[in-house]
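Peer 1: This is the structure I have questions about; it appears just below.
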Amino acid sequence: TQMGMDVMGTSPTKKCGEYFRANVWWWSPLWDYCDQVAPEICGQVEHAYSNDGDGLDEHDSKALATVLLKEHKAGNTKKYQDERDAELKALPDLECNYCNGTGKRTWHSDDKGKKEKDFGGEPLTAEELKIYTKSDVRQCNGCSGKGTRRPWASDYGFDADFVKQFARFLRYSGGFSIY
């Protein structure tokens, strides 16, 4: 699984054009926005959401930077951010899919009884296995015991200043590849 996008400048002319990093929670909304404001440029990047080296040449990178900086300067990027934030805030909480809305979870050992995994954690030691038995019920770590959680869409961040940073990278990258 990819954890983020390492966007590498092809022929950077300044330090800020060498490298741009966005984790998966920030890259998708960033590129979605780029595609919305400059579809003719961004449409050339067939694999924008994968780490396979796709990207733009110097001319198109500069053209995208120009569009993004114009949008930012005009206040459109901040307006987009505010509207997006309001839409996400208005989304209702969902029943937690980890505990089925109960706020509690039961941890189980595996078939062999040699290891037990806490959701997202490492295998437990023999000592810990004695503590956490098949009947061990604890507060759900997916919803902090509330039984509900925010929709996944609200985990994806967007910020107008992040767009400006990306535009600065684009301007001085000499083209880029996404890894």
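Chain labels follow the order of the structure tokens: the first chain is A, the next B, and so on; residue numbering restarts at 1 in every chain, and ligands are counted from 1 in their shown order.
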Using the chain letters and numbers from this document, which residues of chain A does DSSP assign to helix (DSSP H, G or I), as an MDAnalysis selection string?

Peer 2: chainID A and resid 15:17 24:37 39:42 58:73 76:90 126:131 152:155 160:173

Peer 1: List as a Markdown table every residue of region 42-90 of chain A that is in contact with region 2-22 of chain A, defined as an atom at most 10 Å from one of its atoms (using only C-alpha atoms), together with the nearest atom pair and the distance in Å rounded to one decimal, sorted by chain and then rising number.

Peer 2:
| residue | atom | partner | partner_atom | distance |
| --- | --- | --- | --- | --- |
| A:Ala48 | CA | A:Met5 | CA | 9.4 |
| A:Tyr49 | CA | A:Met5 | CA | 8.2 |
| A:Ser50 | CA | A:Met5 | CA | 7.8 |
| A:Asn51 | CA | A:Met5 | CA | 6.6 |
| A:Asp52 | CA | A:Met5 | CA | 10.0 |
| A:Gly53 | CA | A:Val7 | CA | 8.6 |
| A:Asp54 | CA | A:Val7 | CA | 9.6 |
| A:Gly55 | CA | A:Val7 | CA | 8.5 |
| A:Leu56 | CA | A:Thr10 | CA | 9.2 |
| A:Asp57 | CA | A:Thr10 | CA | 8.0 |
| A:Glu58 | CA | A:Thr10 | CA | 8.0 |
| A:Ser61 | CA | A:Gly9 | CA | 9.8 |

Peer 1: Write out as a CSV table (one decimal) with all heavy atoms, in the first residue's frame which residues come within 12 Å of Gly43 (chain A) when counting only C-alpha atoms, dropping same-chain ones fewer than 4 positions away.

Peer 2:
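Ended up saving to around31.csv:
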chain,number,residue,atom,x,y,z
A,31,TRP,N,-4.7,16.8,-6.0
A,31,TRP,CA,-4.7,16.6,-7.4
A,31,TRP,C,-6.1,16.8,-7.9
A,31,TRP,O,-6.3,17.2,-9.1
A,31,TRP,CB,-4.1,15.2,-7.7
A,31,TRP,CG,-3.9,15.1,-9.2
A,31,TRP,CD1,-4.7,14.5,-10.1
A,31,TRP,CD2,-2.9,15.7,-10.0
A,31,TRP,NE1,-4.3,14.6,-11.4
A,31,TRP,CE2,-3.1,15.4,-11.3
A,31,TRP,CE3,-1.8,16.5,-9.6
A,31,TRP,CZ2,-2.3,15.9,-12.3
A,31,TRP,CZ3,-1.0,16.9,-10.7
A,31,TRP,CH2,-1.2,16.6,-12.0
A,32,ASP,N,-7.1,16.4,-7.2
A,32,ASP,CA,-8.5,16.6,-7.6
A,32,ASP,C,-8.7,18.1,-7.9
A,32,ASP,O,-9.4,18.5,-8.9
A,32,ASP,CB,-9.5,16.2,-6.5
A,32,ASP,CG,-9.6,14.7,-6.4
A,32,ASP,OD1,-9.1,13.9,-7.3
A,32,ASP,OD2,-10.2,14.2,-5.4
A,34,CYS,N,-6.4,20.4,-8.6
A,34,CYS,CA,-5.6,20.7,-9.8
A,34,CYS,C,-6.4,20.4,-11.1
A,34,CYS,O,-6.5,21.1,-12.0
A,34,CYS,CB,-4.2,20.0,-9.8
A,34,CYS,SG,-3.1,20.6,-8.5
A,35,ASP,N,-6.9,19.2,-11.1
A,35,ASP,CA,-7.7,18.7,-12.2
A,35,ASP,C,-8.9,19.5,-12.5
A,35,ASP,O,-9.3,19.7,-13.6
A,35,ASP,CB,-8.0,17.2,-12.0
A,35,ASP,CG,-8.5,16.5,-13.3
A,35,ASP,OD1,-8.0,16.8,-14.4
A,35,ASP,OD2,-9.4,15.7,-13.2
A,36,GLN,N,-9.5,20.0,-11.4
A,36,GLN,CA,-10.7,20.8,-11.5
A,36,GLN,C,-10.4,22.2,-12.2
A,36,GLN,O,-11.1,22.7,-13.0
A,36,GLN,CB,-11.4,21.0,-10.2
A,36,GLN,CG,-12.6,21.9,-10.2
A,36,GLN,CD,-13.3,22.0,-8.9
A,36,GLN,OE1,-13.4,21.0,-8.2
A,36,GLN,NE2,-13.7,23.2,-8.6
A,37,VAL,N,-9.3,22.8,-11.8
A,37,VAL,CA,-9.0,24.1,-12.3
A,37,VAL,C,-8.1,24.1,-13.6
A,37,VAL,O,-8.1,25.1,-14.3
A,37,VAL,CB,-8.2,25.0,-11.2
A,37,VAL,CG1,-9.2,25.2,-10.0
A,37,VAL,CG2,-6.9,24.4,-10.8
A,38,ALA,N,-7.5,23.0,-13.9
A,38,ALA,CA,-6.7,22.9,-15.1
A,38,ALA,C,-6.8,21.5,-15.7
A,38,ALA,O,-5.8,20.8,-15.8
A,38,ALA,CB,-5.2,23.2,-14.8
A,39,PRO,N,-8.0,21.1,-16.1
A,39,PRO,CA,-8.3,19.8,-16.6
A,39,PRO,C,-7.5,19.4,-17.9
A,39,PRO,O,-7.0,18.3,-18.1
A,39,PRO,CB,-9.8,19.7,-16.9
A,39,PRO,CG,-10.2,21.1,-17.0
A,39,PRO,CD,-9.3,21.9,-16.2
A,47,HIS,N,-1.8,8.5,-14.6
A,47,HIS,CA,-1.7,7.7,-13.3
A,47,HIS,C,-1.3,8.7,-12.2
A,47,HIS,O,-0.3,8.4,-11.4
A,47,HIS,CB,-0.7,6.6,-13.5
A,47,HIS,CG,-1.0,5.7,-14.6
A,47,HIS,ND1,-2.0,4.8,-14.5
A,47,HIS,CD2,-0.4,5.5,-15.8
A,47,HIS,CE1,-2.1,4.1,-15.6
A,47,HIS,NE2,-1.1,4.5,-16.4
A,48,ALA,N,-2.1,9.7,-12.0
A,48,ALA,CA,-1.8,10.7,-10.9
A,48,ALA,C,-1.9,10.2,-9.5
A,48,ALA,O,-1.3,10.7,-8.6
A,48,ALA,CB,-2.7,11.9,-11.1
A,54,ASP,N,4.5,8.7,-13.3
A,54,ASP,CA,3.8,9.6,-14.3
A,54,ASP,C,4.0,11.0,-13.8
A,54,ASP,O,4.4,11.3,-12.6
A,54,ASP,CB,2.3,9.2,-14.3
A,54,ASP,CG,1.7,9.6,-15.6
A,54,ASP,OD1,2.3,10.3,-16.4
A,54,ASP,OD2,0.5,9.3,-15.8
A,55,GLY,N,3.8,12.0,-14.7
A,55,GLY,CA,4.0,13.4,-14.3
A,55,GLY,C,3.8,14.3,-15.5
A,55,GLY,O,3.2,13.9,-16.5
A,56,LEU,N,4.4,15.5,-15.4
A,56,LEU,CA,4.3,16.5,-16.5
A,56,LEU,C,5.7,16.9,-16.9
A,56,LEU,O,6.6,16.9,-16.0
A,56,LEU,CB,3.5,17.7,-16.0
A,56,LEU,CG,2.0,17.4,-15.8
A,56,LEU,CD1,1.4,18.7,-15.2
A,56,LEU,CD2,1.3,17.1,-17.1
A,60,ASP,N,4.4,22.1,-19.1
A,60,ASP,CA,3.1,21.9,-18.4
A,60,ASP,C,3.1,22.1,-16.9
A,60,ASP,O,2.2,22.5,-16.3
A,60,ASP,CB,2.5,20.5,-18.8
A,60,ASP,CG,2.2,20.4,-20.3
A,60,ASP,OD1,1.6,21.4,-20.8
A,60,ASP,OD2,2.4,19.4,-20.9
A,64,LEU,N,0.7,24.7,-15.1
A,64,LEU,CA,-0.1,24.3,-14.0
A,64,LEU,C,0.2,25.2,-12.8
A,64,LEU,O,-0.8,25.7,-12.1
A,64,LEU,CB,0.1,22.8,-13.6
A,64,LEU,CG,-0.8,22.3,-12.4
A,64,LEU,CD1,-2.3,22.6,-12.6
A,64,LEU,CD2,-0.5,20.8,-12.2

Peer 1: Residues within 7 Å of Cys99 (chain A), please, as a list of chain:residue names. Count only C-alpha atoms; anything in the same chain fewer than 5 positions from it doesn't count.

Peer 2: A:Lys104, A:Arg105, A:Cys140, A:Gly147

Peer 1: Using all heavy atoms, can you export the residues from the last selection as a PDB file, in the first residue's frame?

Peer 2:
ATOM      1  N   LYS A 104     -17.792  -0.922  21.788  1.00  0.00           N
ATOM      2  CA  LYS A 104     -16.964  -1.951  22.442  1.00  0.00           C
ATOM      3  C   LYS A 104     -16.491  -2.950  21.394  1.00  0.00           C
ATOM      4  O   LYS A 104     -17.180  -3.224  20.418  1.00  0.00           O
ATOM      5  CB  LYS A 104     -17.769  -2.709  23.505  1.00  0.00           C
ATOM      6  CG  LYS A 104     -18.366  -1.835  24.576  1.00  0.00           C
ATOM      7  CD  LYS A 104     -17.345  -1.537  25.619  1.00  0.00           C
ATOM      8  CE  LYS A 104     -17.969  -0.711  26.738  1.00  0.00           C
ATOM      9  NZ  LYS A 104     -17.003   0.067  27.440  1.00  0.00           N
ATOM     10  N   ARG A 105     -15.314  -3.502  21.645  1.00  0.00           N
ATOM     11  CA  ARG A 105     -14.784  -4.540  20.756  1.00  0.00           C
ATOM     12  C   ARG A 105     -14.254  -5.692  21.577  1.00  0.00           C
ATOM     13  O   ARG A 105     -13.765  -5.520  22.683  1.00  0.00           O
ATOM     14  CB  ARG A 105     -13.637  -3.980  19.909  1.00  0.00           C
ATOM     15  CG  ARG A 105     -14.142  -2.982  18.885  1.00  0.00           C
ATOM     16  CD  ARG A 105     -13.053  -2.444  18.043  1.00  0.00           C
ATOM     17  NE  ARG A 105     -12.462  -3.484  17.203  1.00  0.00           N
ATOM     18  CZ  ARG A 105     -11.426  -3.278  16.425  1.00  0.00           C
ATOM     19  NH1 ARG A 105     -10.850  -2.097  16.384  1.00  0.00           N
ATOM     20  NH2 ARG A 105     -10.948  -4.236  15.688  1.00  0.00           N
ATOM     21  N   CYS A 140     -13.811   0.429  21.905  1.00  0.00           N
ATOM     22  CA  CYS A 140     -13.417   0.380  20.498  1.00  0.00           C
ATOM     23  C   CYS A 140     -12.380   1.461  20.215  1.00  0.00           C
ATOM     24  O   CYS A 140     -12.582   2.625  20.562  1.00  0.00           O
ATOM     25  CB  CYS A 140     -14.641   0.579  19.603  1.00  0.00           C
ATOM     26  SG  CYS A 140     -14.255   0.624  17.839  1.00  0.00           S
ATOM     27  N   GLY A 147     -19.286   4.740  19.244  1.00  0.00           N
ATOM     28  CA  GLY A 147     -20.192   3.966  18.397  1.00  0.00           C
ATOM     29  C   GLY A 147     -20.372   4.563  17.016  1.00  0.00           C
ATOM     30  O   GLY A 147     -20.969   3.957  16.137  1.00  0.00           O
TER      31      GLY A 147
END

Peer 1: One number please: CA of Val163 (chain A) to CA of Lys79 (chain A), in Å, one decimal.

Peer 2: 12.7 Å

Peer 1: Taking 4 positions as the minimum chain separation for residues in the same chain, which residues sit within 9 Å of Lys62 (chain A) when counting only C-alpha atoms? Answer as a CSV table (one decimal) with C-alpha atoms, in the first residue's frame.

Peer 2:
chain,number,residue,atom,x,y,z
A,57,ASP,CA,7.1,18.0,-18.5
A,58,GLU,CA,8.6,21.4,-17.7
A,66,THR,CA,0.6,29.6,-13.2
A,67,VAL,CA,-3.1,28.5,-13.0
A,167,ALA,CA,2.5,25.5,-7.3
A,170,LEU,CA,5.9,23.0,-10.0
A,171,ARG,CA,7.3,26.3,-11.1
A,172,TYR,CA,10.9,25.3,-10.3
A,173,SER,CA,10.7,21.5,-10.8
A,174,GLY,CA,11.6,21.4,-14.5
A,175,GLY,CA,8.8,18.8,-14.8
